[in-house]
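A.B. asks: Before I ask anything, let me first share the structure, which is written out below as structure tokens.
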Amino acid sequence: MVCILPLENDEVGGNEEQLGLAGTNEVSRANDGEQMCSELAVSDQPSTPAIGIDETAALVVFGNEAQAVSGDSIATCRVVASDENTGDVKNASLPTNLEDPNPIKGMLEFPEPAKGEHLEDLENYVDTDFVIADDVIEESTKFMDNSEEQQVVFPKIVASGNEKGMRLKPIVDKVVELSGSVCPKVIYIGTASFDRTDKFLLFTKAFSDMGCEIRRLDVSEDETTPSQDEMQELVVEFPDVIMCSGGNTLHALIRWKEVGLDLLIKEASMKGKVLCGGSAGAGCWFSSLHTDSLRPDNAKNKEHVKNDLTEEELADWDYAKISGLGFVDAMFVPHFDATGTNGIKRSEHAEMMMQRDPSTPAIGVEDNAALVIIGDEAHAVSGDGKATCHILVPDESTGDVKTAPLPTNWRAPIPIEEVLEFPEPAKGEHLEDLENYVDTDFVIADDVIEESTKFMDNSEEQQVVFPKIVASGNEKGMRLKPIVDKVVELSGSVCPKVIYIGTASFDRTDKFLLFTKAFSDMGCEIRRLDVSEDETTPSQDEMQELVVEFPDVIMCSGGNTLHALIRWKEVGLDLLIKEASMKGKVLCGGSAGAGCWFSSLHTDSLRPDNAKNKEHVKNDLTEEELADWDYAKISGLGFVDAMFVPHFDATGTNGIKRSEHAEIMMQRDPSTPAIGVEDNAALVIIGDEAHAVSGDGKATCHILVPDESTGDVKTAPLPTNWRAPIPIEEVLEFPEPAKGEHLEDLENYVDTDFVIADDVIEESTKFMDNSEEQQVVFPKIVASGNEKGMRLKPIVDKVVELSGSVCPKVIYIGTASFDRTDKFLLFTKAFSDMGCEIRRLDVSEDETTPSQDEMQELVVEFPDVIMCSGGNTLHALIRWKEVGLDLLIKEASMKGKVLCGGSAGAGCWFSSLHTDSLRPDNAKNKEHVKNDLTEEELADWDYAKISGLGFVDAMFVPHFDATGTNGIKRSEHAEIMMQRDPSTPVIGVEDNAALVIIGDEAHAVSGDGKATCHIVVLDENTGDITTKPLLTSQGSAPIKDILDLTEH
């Protein structure tokens, strides 16, 4: 029989008449119910418990199960029962947060305490030794090393800081992953929560929702404890996962020891079963734990205890340190970020415990986080994206406790031994005052590129290119595909062997796993070399094998470059790296592991938290202290004579931008240029050449050079679309302007007459008409509207056809692009891919201009094709006139050589052309100019009409369908020019189209099937401008007819 007792006059609990209760006096319903139960207890009638229902609460009954429901999240139901021994009444409120009903029988026993002699004075058991598993990890290691059978990893533990953690997906997923089953079988051991069904339902909910088979093992009291054989089946044979509840750890450990469950759990663990739990169900796996087992309400009938005691009595308790099963030799501290009901923070009290007994480190796990242990390795998992674990170690010198949070982004566990030393600083005398080493000279490789050049020039054997360097601006860059692909490409192997040197990150395993991830995922063989401390440094012979003989790739971590360079010098690793480099091994790394290859680098090595125990330092210092540091310029190994600036687009924790500080450094010491590499970009060096690679499609590298005249620093970003590297010397001069007096005021040359070939077509006609010998057709011109056109197959095919050779010899003249190698490589790509012999003629500056005889050979004798780059046509024509190249080109043309080019390299063949030569950034150092000027300044220019060489009497308009950076359409401006000077017709060539001229005939070619050429003429009678596109499907027609629009 159950007495239902409404605790107020309300509609929810029913009325008095229905329940047969009288409530007419002033005594409260709650007191009245307790009095009824007391009377029943002392009468001849058996004691009948009562269920009291608050206003706005309800009791929902399902057969022999029930649950309390709150209408306002405050009200609840209460079980009121008499104490047969004392006659007193015990009152316990029912939880209203249960998702499933509980057996009514268990509910009616809710105020009853658990049975067990040990519970009468639990403090007497605090010093009991429960350790039985302290040899498991050692056995696991032996088994893993020696077993010839399939390896079983053990122990596998997921220890959550609270019970809720076992319902959070990231933590649950880890349990499932370790179980090896998508739907693991679970045995739930609820001893710590006194085998309460409500705790069972809540704790196993995530696995129940997955459809897992779940069984429970109740050993909290003798009456429910099964036989040894039954426990053997439930714990060792049945499950994939052993899950232990939170609650009273001391009670659980006592009972497990009494019934032999502890040994069964150990046996199950060594068979690879996953051990997991939250709070008490997590701490039990460790050699010791920080527990609230002595808390008055940490009992089976906790709700009654809370009802029965005052707030002061409930707060009158202390934490205790007790023994656990001992799988991991550390003290576990659950709820590390919480405060107990005694008002004391767990984290602070754990530190006090450690000061009293510093024999073992501690692991503090915040609510909603978990520590995952796999064999002899561990890592932290956050269930909510914020919570983590903390390592606490005693400081032997001061007696204080050092703490450090564990990162939760590790991709794999690291050795537990290393985890437990997480707050410990690195060893090394130099680390005590690192500033004293800033001026140390670490350069040992400054002759490598010179030796490489000699070797490449003189070797009769197969050439080994060196050095090969991929220097990323940050560590993440070494995981981005374009950069990783470049390392693989340079290694010459689809799956290169990698040696990882993590000195800069103090040989931390988490950094090793993260840094090598891309290569690990590829299945590469990866070894590591730890030389950060003497204890781990191998012998010279072993290092020789690891660095020089074994790898295809040497990968160095980010971190503290100065520490790394000091250690490498101390142990002789610097010289081994140099030796390996000269054997063609790829050197790569990010941040510190990139800057080390250069003669100097911009470093944050003096940053307070740039240390092995960086997490502890961040915990220990204030924000102001963490920001109180400065960048330094230090020496590197010297493969490249430049200052490397990693993280070029980032701001340090000192609030100073890397890029701005690098400029200040250069102003103080302008002896070498600097290379700034943004995060997610890399500079690639191959022998004496280099190019930039973007890992994300946006980031790039920057060149910084001092301006000797002003003392300022000039910067320029490197393009990342180069198809091949260019000379490092040229890369390092990237922001430098071209030389030449005419460039100081280019406008003065706009009216210069460059025509020298206006008689060529006439001579061609005479020659064709009168010659009795084999006819030589000239001129042969392919004039593309843009540079890209010279890479499009229909236009390239036309050049090849006119050359008369399936693989023509090409002379490239890049004067208009200031002889930049990147433009040479891009412009000649189609012919290079065909295997054509290509030479280049550089006359943009006096220093590179060859003699007349050499130019005669290169332009007139050697080629089938003369190819001219796009760029600044006016500059090109001035230089050609100055050095006599214009006349050599005319001579070559009359010998049947094909003249071709795009944009500037096309317009130069005509009597006049529409040009953007006065555009501010139409310069050698265009990237620097774009960096240096505002958008308004870059747009402040006008087109000009200038003379060309005059092979065709027309004005050529490249990019006819485009709009300039001044916002003016080429086609519209060309019409305005015609109205001012209608003396010659206009030929407008769209991007990706070309005009082909053969003798005195011409036709249009489309490179993409859409683009074409246009004829623009002025009607002298009306003054109107008429534009008509040329059909690209038509054959050649006389140039005169084409230019005469009405006839055409």
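The chains in the structure tokens are called A, B, ... from first to last as shown; in each chain the residues are counted from 1, and the ligands are counted from 1 in the order shown.
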For region 684-699 of chain A, find every residue with an atom within 7 Å (counting only C-alpha atoms), except residues of its own chain fewer than 3 positions away, and show them as a compact mmCIF listing (two decimals) with N, CA and C atoms, in the first residue's frame.

C.D. replies:
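Output contents, as saved in part20.txt:
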# COMPACT_ATOMS: atom_id res chain seq x y z
N ILE A 449 75.42 26.73 -52.20
CA ILE A 449 74.87 27.10 -53.52
C ILE A 449 76.00 27.29 -54.53
N SER A 452 77.11 23.97 -55.51
CA SER A 452 76.07 23.37 -56.35
C SER A 452 76.26 23.81 -57.79
N VAL A 465 71.06 17.92 -57.83
CA VAL A 465 70.75 19.32 -57.54
C VAL A 465 70.72 19.52 -56.03
N PHE A 466 71.40 20.56 -55.56
CA PHE A 466 71.35 20.90 -54.14
C PHE A 466 71.64 22.39 -53.99
N PRO A 467 71.21 23.03 -52.93
CA PRO A 467 70.26 22.48 -51.95
C PRO A 467 68.85 22.47 -52.50
N LYS A 468 68.01 21.64 -51.88
CA LYS A 468 66.58 21.62 -52.19
C LYS A 468 65.85 21.93 -50.88
N ILE A 469 65.20 23.08 -50.84
CA ILE A 469 64.63 23.58 -49.58
C ILE A 469 63.17 23.98 -49.81
N VAL A 470 62.31 23.58 -48.88
CA VAL A 470 60.92 24.06 -48.87
C VAL A 470 60.71 24.71 -47.50
N ALA A 471 60.64 26.04 -47.49
CA ALA A 471 60.59 26.81 -46.24
C ALA A 471 59.22 27.44 -46.08
N GLY A 477 51.63 24.96 -42.79
CA GLY A 477 51.98 24.88 -44.20
C GLY A 477 52.50 23.51 -44.60
N LEU A 480 49.68 21.33 -45.82
CA LEU A 480 48.85 21.77 -46.94
C LEU A 480 49.35 21.14 -48.23
N LYS A 481 48.43 20.64 -49.03
CA LYS A 481 48.77 19.79 -50.17
C LYS A 481 49.74 20.43 -51.16
N PRO A 482 49.55 21.68 -51.59
CA PRO A 482 50.50 22.23 -52.58
C PRO A 482 51.94 22.25 -52.07
N ILE A 483 52.11 22.51 -50.79
CA ILE A 483 53.46 22.56 -50.23
C ILE A 483 54.01 21.15 -50.03
N GLU A 678 54.43 34.34 -45.64
CA GLU A 678 53.17 34.37 -44.92
C GLU A 678 52.81 32.97 -44.41
N ASP A 679 51.95 32.94 -43.40
CA ASP A 679 51.39 31.67 -42.97
C ASP A 679 50.70 31.00 -44.17
N ASN A 680 50.92 29.69 -44.30
CA ASN A 680 50.33 28.88 -45.37
C ASN A 680 50.99 29.07 -46.74
N ALA A 681 52.14 29.73 -46.77
CA ALA A 681 52.92 29.83 -48.00
C ALA A 681 54.30 29.23 -47.75
N LEU A 718 55.77 37.96 -54.09
CA LEU A 718 56.13 37.09 -55.21
C LEU A 718 54.88 36.45 -55.79
N PRO A 719 54.76 36.41 -57.11
CA PRO A 719 53.65 35.63 -57.70
C PRO A 719 53.79 34.16 -57.32
N THR A 720 52.67 33.47 -57.21
CA THR A 720 52.71 32.04 -56.86
C THR A 720 52.31 31.16 -58.04
N PRO A 725 61.14 27.63 -60.96
CA PRO A 725 61.86 28.64 -60.17
C PRO A 725 62.70 29.55 -61.06
N ILE A 726 63.09 30.69 -60.49
CA ILE A 726 63.97 31.63 -61.20
C ILE A 726 65.19 31.87 -60.30
N PRO A 727 66.26 32.43 -60.83
CA PRO A 727 67.47 32.62 -60.02
C PRO A 727 67.19 33.36 -58.71
N ILE A 728 67.76 32.84 -57.62
CA ILE A 728 67.57 33.47 -56.31
C ILE A 728 68.02 34.93 -56.35

A.B. asks: Find the residues near region 746-762 of chain A: any atom within 10 Å, counting only C-alpha atoms, skip ones fewer than 4 places away on the same chain, and give them as number ranges by chain.

C.D. replies: A: 741-742, 766-768, 777-779, 874-875, 877-878, 880-881, 886-887, 889-891, 893-894, 908-912, 917-918, 944-953, 998-1001

A.B. asks: Skip region 1011-1025 of chain A itself and residues of its chain fewer than 2 positions away, then list as a list in words all residues within 6 Å of it, counting only C-alpha atoms.

C.D. replies: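 Surrounding residues, per the criterion: Pro985, Val986, Ile987, Gly988, Val989, Glu990, Asn992, Ala993, Ser1006, Thr1027, Lys1028, Pro1029 and Leu1030 of chain A.
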
A.B. asks: Considering only C-alpha atoms, state which residue in the set A:Lys583, A:His563, A:Lys517, A:His118 is at the smallest distance from Val548 (chain A).

C.D. replies: A:Lys583

A.B. asks: Residues near Asp1008 (chain A), anyone? I mean within 12 Å using only C-alpha atoms, not counting same-chain ones fewer than 2 positions away, as JSON, numbers by chain.

C.D. replies: {"A": [788, 789, 790, 791, 792, 793, 794, 795, 796, 990, 991, 992, 993, 994, 1005, 1006, 1010, 1011, 1012, 1032]}

A.B. asks: I need the chosen residues saved as a short mmCIF file (atom, residue, chain, number, x, y, z; two decimals), in the first residue's frame, with all heavy atoms.

C.D. replies:
data_model
loop_
_atom_site.label_atom_id
_atom_site.label_comp_id
_atom_site.auth_asym_id
_atom_site.auth_seq_id
_atom_site.Cartn_x
_atom_site.Cartn_y
_atom_site.Cartn_z
N LYS A 788 48.86 35.42 -72.82
CA LYS A 788 48.30 34.07 -72.73
C LYS A 788 48.06 33.46 -74.11
O LYS A 788 48.17 32.24 -74.30
CB LYS A 788 47.00 34.10 -71.94
CG LYS A 788 46.33 32.74 -71.79
CD LYS A 788 45.00 32.83 -71.06
CE LYS A 788 44.29 31.49 -71.03
NZ LYS A 788 42.95 31.59 -70.39
N GLY A 789 47.74 34.30 -75.07
CA GLY A 789 47.49 33.81 -76.42
C GLY A 789 48.64 32.99 -76.96
O GLY A 789 48.45 32.05 -77.74
N MET A 790 49.87 33.32 -76.52
CA MET A 790 51.04 32.61 -77.01
C MET A 790 51.19 31.24 -76.37
O MET A 790 52.17 30.52 -76.64
CB MET A 790 52.31 33.43 -76.77
CG MET A 790 52.36 34.73 -77.57
SD MET A 790 52.07 34.49 -79.35
CE MET A 790 53.36 33.33 -79.76
N ARG A 791 50.22 30.86 -75.53
CA ARG A 791 50.21 29.50 -74.97
C ARG A 791 49.00 28.71 -75.44
O ARG A 791 48.83 27.55 -75.05
CB ARG A 791 50.21 29.57 -73.43
CG ARG A 791 51.41 30.28 -72.85
CD ARG A 791 51.54 30.07 -71.34
NE ARG A 791 50.42 30.55 -70.58
CZ ARG A 791 50.26 31.80 -70.16
NH1 ARG A 791 51.14 32.73 -70.50
NH2 ARG A 791 49.21 32.15 -69.45
N LEU A 792 48.13 29.35 -76.24
CA LEU A 792 46.92 28.67 -76.73
C LEU A 792 47.23 27.93 -78.03
O LEU A 792 47.85 28.48 -78.95
CB LEU A 792 45.80 29.68 -76.92
CG LEU A 792 45.37 30.43 -75.64
CD1 LEU A 792 44.29 31.45 -75.96
CD2 LEU A 792 44.88 29.45 -74.57
N LYS A 793 46.76 26.71 -78.13
CA LYS A 793 47.18 25.80 -79.19
C LYS A 793 46.93 26.34 -80.61
O LYS A 793 47.84 26.26 -81.47
CB LYS A 793 46.48 24.44 -79.03
CG LYS A 793 47.05 23.36 -79.93
CD LYS A 793 46.44 22.01 -79.61
CE LYS A 793 47.12 20.91 -80.44
NZ LYS A 793 47.04 21.13 -81.89
N PRO A 794 45.76 26.91 -80.94
CA PRO A 794 45.57 27.38 -82.33
C PRO A 794 46.60 28.45 -82.73
O PRO A 794 47.05 28.46 -83.88
CB PRO A 794 44.14 27.94 -82.31
CG PRO A 794 43.47 27.21 -81.20
CD PRO A 794 44.52 27.01 -80.15
N ILE A 795 46.97 29.30 -81.79
CA ILE A 795 47.93 30.37 -82.11
C ILE A 795 49.34 29.80 -82.16
O ILE A 795 50.13 30.12 -83.07
CB ILE A 795 47.81 31.51 -81.08
CG1 ILE A 795 46.40 32.13 -81.16
CG2 ILE A 795 48.88 32.56 -81.30
CD1 ILE A 795 46.10 33.17 -80.11
N VAL A 796 49.67 28.93 -81.20
CA VAL A 796 50.99 28.29 -81.21
C VAL A 796 51.16 27.46 -82.49
O VAL A 796 52.24 27.49 -83.13
CB VAL A 796 51.16 27.40 -79.96
CG1 VAL A 796 52.45 26.58 -80.05
CG2 VAL A 796 51.17 28.24 -78.69
N GLU A 990 41.56 41.07 -79.66
CA GLU A 990 41.05 40.70 -78.34
C GLU A 990 42.04 39.77 -77.63
O GLU A 990 42.89 39.13 -78.26
CB GLU A 990 39.70 40.00 -78.48
CG GLU A 990 38.59 40.91 -79.00
CD GLU A 990 37.26 40.17 -79.14
OE1 GLU A 990 37.23 38.93 -78.92
OE2 GLU A 990 36.25 40.81 -79.48
N ASP A 991 41.89 39.70 -76.30
CA ASP A 991 42.65 38.70 -75.55
C ASP A 991 42.30 37.31 -76.09
O ASP A 991 41.13 37.01 -76.38
CB ASP A 991 42.30 38.77 -74.05
CG ASP A 991 42.90 40.00 -73.38
OD1 ASP A 991 43.78 40.64 -73.98
OD2 ASP A 991 42.48 40.32 -72.24
N ASN A 992 43.32 36.47 -76.24
CA ASN A 992 43.20 35.08 -76.73
C ASN A 992 42.96 34.98 -78.23
O ASN A 992 42.60 33.91 -78.73
CB ASN A 992 42.09 34.31 -75.99
CG ASN A 992 42.35 34.23 -74.50
OD1 ASN A 992 43.48 34.45 -74.04
ND2 ASN A 992 41.32 33.93 -73.73
N ALA A 993 43.16 36.09 -78.96
CA ALA A 993 43.10 36.07 -80.42
C ALA A 993 44.45 36.54 -80.96
O ALA A 993 45.28 37.06 -80.22
CB ALA A 993 41.97 36.93 -80.95
N ALA A 994 44.65 36.39 -82.28
CA ALA A 994 45.88 36.88 -82.90
C ALA A 994 45.62 37.25 -84.35
O ALA A 994 44.75 36.67 -85.02
CB ALA A 994 46.97 35.81 -82.83
N VAL A 1005 43.04 34.63 -86.09
CA VAL A 1005 43.01 33.30 -85.47
C VAL A 1005 42.46 33.45 -84.05
O VAL A 1005 42.88 34.35 -83.30
CB VAL A 1005 44.42 32.67 -85.42
CG1 VAL A 1005 44.40 31.36 -84.63
CG2 VAL A 1005 44.95 32.44 -86.82
N SER A 1006 41.56 32.56 -83.69
CA SER A 1006 41.02 32.57 -82.33
C SER A 1006 41.69 31.47 -81.52
O SER A 1006 41.73 30.31 -81.94
CB SER A 1006 39.51 32.35 -82.34
OG SER A 1006 39.01 32.31 -81.01
N LYS A 1010 36.46 31.86 -79.48
CA LYS A 1010 35.52 32.99 -79.32
C LYS A 1010 36.16 34.31 -79.71
O LYS A 1010 35.56 35.12 -80.42
CB LYS A 1010 35.03 33.07 -77.88
CG LYS A 1010 34.31 31.83 -77.38
CD LYS A 1010 33.97 31.95 -75.90
CE LYS A 1010 33.34 30.68 -75.36
NZ LYS A 1010 33.07 30.76 -73.90
N ALA A 1011 37.36 34.55 -79.22
CA ALA A 1011 38.02 35.82 -79.44
C ALA A 1011 38.38 36.02 -80.90
O ALA A 1011 38.60 35.06 -81.64
CB ALA A 1011 39.29 35.90 -78.58
N THR A 1012 38.47 37.30 -81.33
CA THR A 1012 38.82 37.60 -82.71
C THR A 1012 39.51 38.97 -82.79
O THR A 1012 39.84 39.57 -81.76
CB THR A 1012 37.58 37.57 -83.62
OG1 THR A 1012 38.01 37.65 -84.99
CG2 THR A 1012 36.61 38.71 -83.32
N THR A 1032 37.13 34.52 -88.13
CA THR A 1032 38.31 33.67 -87.95
C THR A 1032 38.24 32.41 -88.80
O THR A 1032 39.19 31.64 -88.85
CB THR A 1032 38.46 33.27 -86.47
OG1 THR A 1032 37.26 32.63 -86.03
CG2 THR A 1032 38.72 34.48 -85.60
#

A.B. asks: Given only C-alpha atoms as the basis, pick out the residue of A:Gly740, A:Gly676, A:Gly375, A:Gly399 nearest to Ile416 (chain A).

C.D. replies: A:Gly375

A.B. asks: If you run DSSP on the backbone, which residues of region 240-443 of chain A are strand (DSSP E or B), as number ranges by chain?

C.D. replies: A: 241-244, 274-278, 286-291, 320-323, 328-333, 339, 345, 362-365, 369-374, 377-382, 389-394, 401-405, 414-415

A.B. asks: In Å, rounded to a single decimal, give me how far CA of Ser539 (chain A) is from CA of Val487 (chain A).

C.D. replies: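 Interatomic distance here is 28.1 Å.
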
A.B. asks: Residues of region 382-472 of chain A classed as alpha helix (DSSP H) by DSSP on the backbone are to be reported as a PyMOL selection string.

C.D. replies: chain A and resi 416-419+448-458

A.B. asks: Take the residues just selected and output them with C-alpha atoms as a compact mmCIF listing (two decimals), in the first residue's frame.

C.D. replies:
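File again.txt, as written:
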# COMPACT_ATOMS: atom_id res chain seq x y z
CA ILE A 416 52.13 8.88 -20.73
CA GLU A 417 55.58 9.54 -19.32
CA GLU A 418 55.81 12.61 -21.55
CA VAL A 419 52.27 13.70 -20.69
CA VAL A 448 76.60 25.23 -50.67
CA ILE A 449 74.87 27.10 -53.52
CA GLU A 450 78.27 28.06 -54.98
CA GLU A 451 79.38 24.42 -54.81
CA SER A 452 76.07 23.37 -56.35
CA THR A 453 76.67 25.66 -59.34
CA LYS A 454 80.20 24.33 -59.87
CA PHE A 455 78.96 20.78 -59.60
CA MET A 456 76.14 21.36 -62.07
CA ASP A 457 78.47 23.05 -64.56
CA ASN A 458 81.37 20.60 -64.39

A.B. asks: Could you pull the residues within 8 Å of region 229-246 of chain A, counting only C-alpha atoms, minus those fewer than 2 positions along the same chain, as a ChimeraX atom specification?

C.D. replies: /A:162-163,175,179,181,184-193,199-200,203,215,217,226-227,248-249,261,264-265,267-268,271,273-282

A.B. asks: Just want the 9 Å neighbourhood of Gly1035 (chain A), counted on only C-alpha atoms, with same-chain residues fewer than 4 positions away dropped. Output as JSON, numbers by chain.

C.D. replies: {"A": [1002, 1003, 1004, 1031]}

A.B. asks: Please, could you write that set of residues out with N, CA and C atoms as a short mmCIF file (atom, residue, chain, number, x, y, z; two decimals), in the first residue's frame?

C.D. replies:
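Contents of the output file selection31.cif:
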data_model
loop_
_atom_site.label_atom_id
_atom_site.label_comp_id
_atom_site.auth_asym_id
_atom_site.auth_seq_id
_atom_site.Cartn_x
_atom_site.Cartn_y
_atom_site.Cartn_z
N ALA A 1002 46.80 38.75 -94.60
CA ALA A 1002 46.58 38.57 -93.16
C ALA A 1002 45.26 37.85 -92.92
N HIS A 1003 45.14 37.26 -91.74
CA HIS A 1003 43.87 36.68 -91.29
C HIS A 1003 43.88 36.59 -89.77
N ALA A 1004 42.70 36.41 -89.20
CA ALA A 1004 42.53 36.34 -87.74
C ALA A 1004 42.49 34.88 -87.29
N LEU A 1031 36.24 37.58 -89.42
CA LEU A 1031 35.83 36.19 -89.27
C LEU A 1031 37.07 35.32 -89.18
#
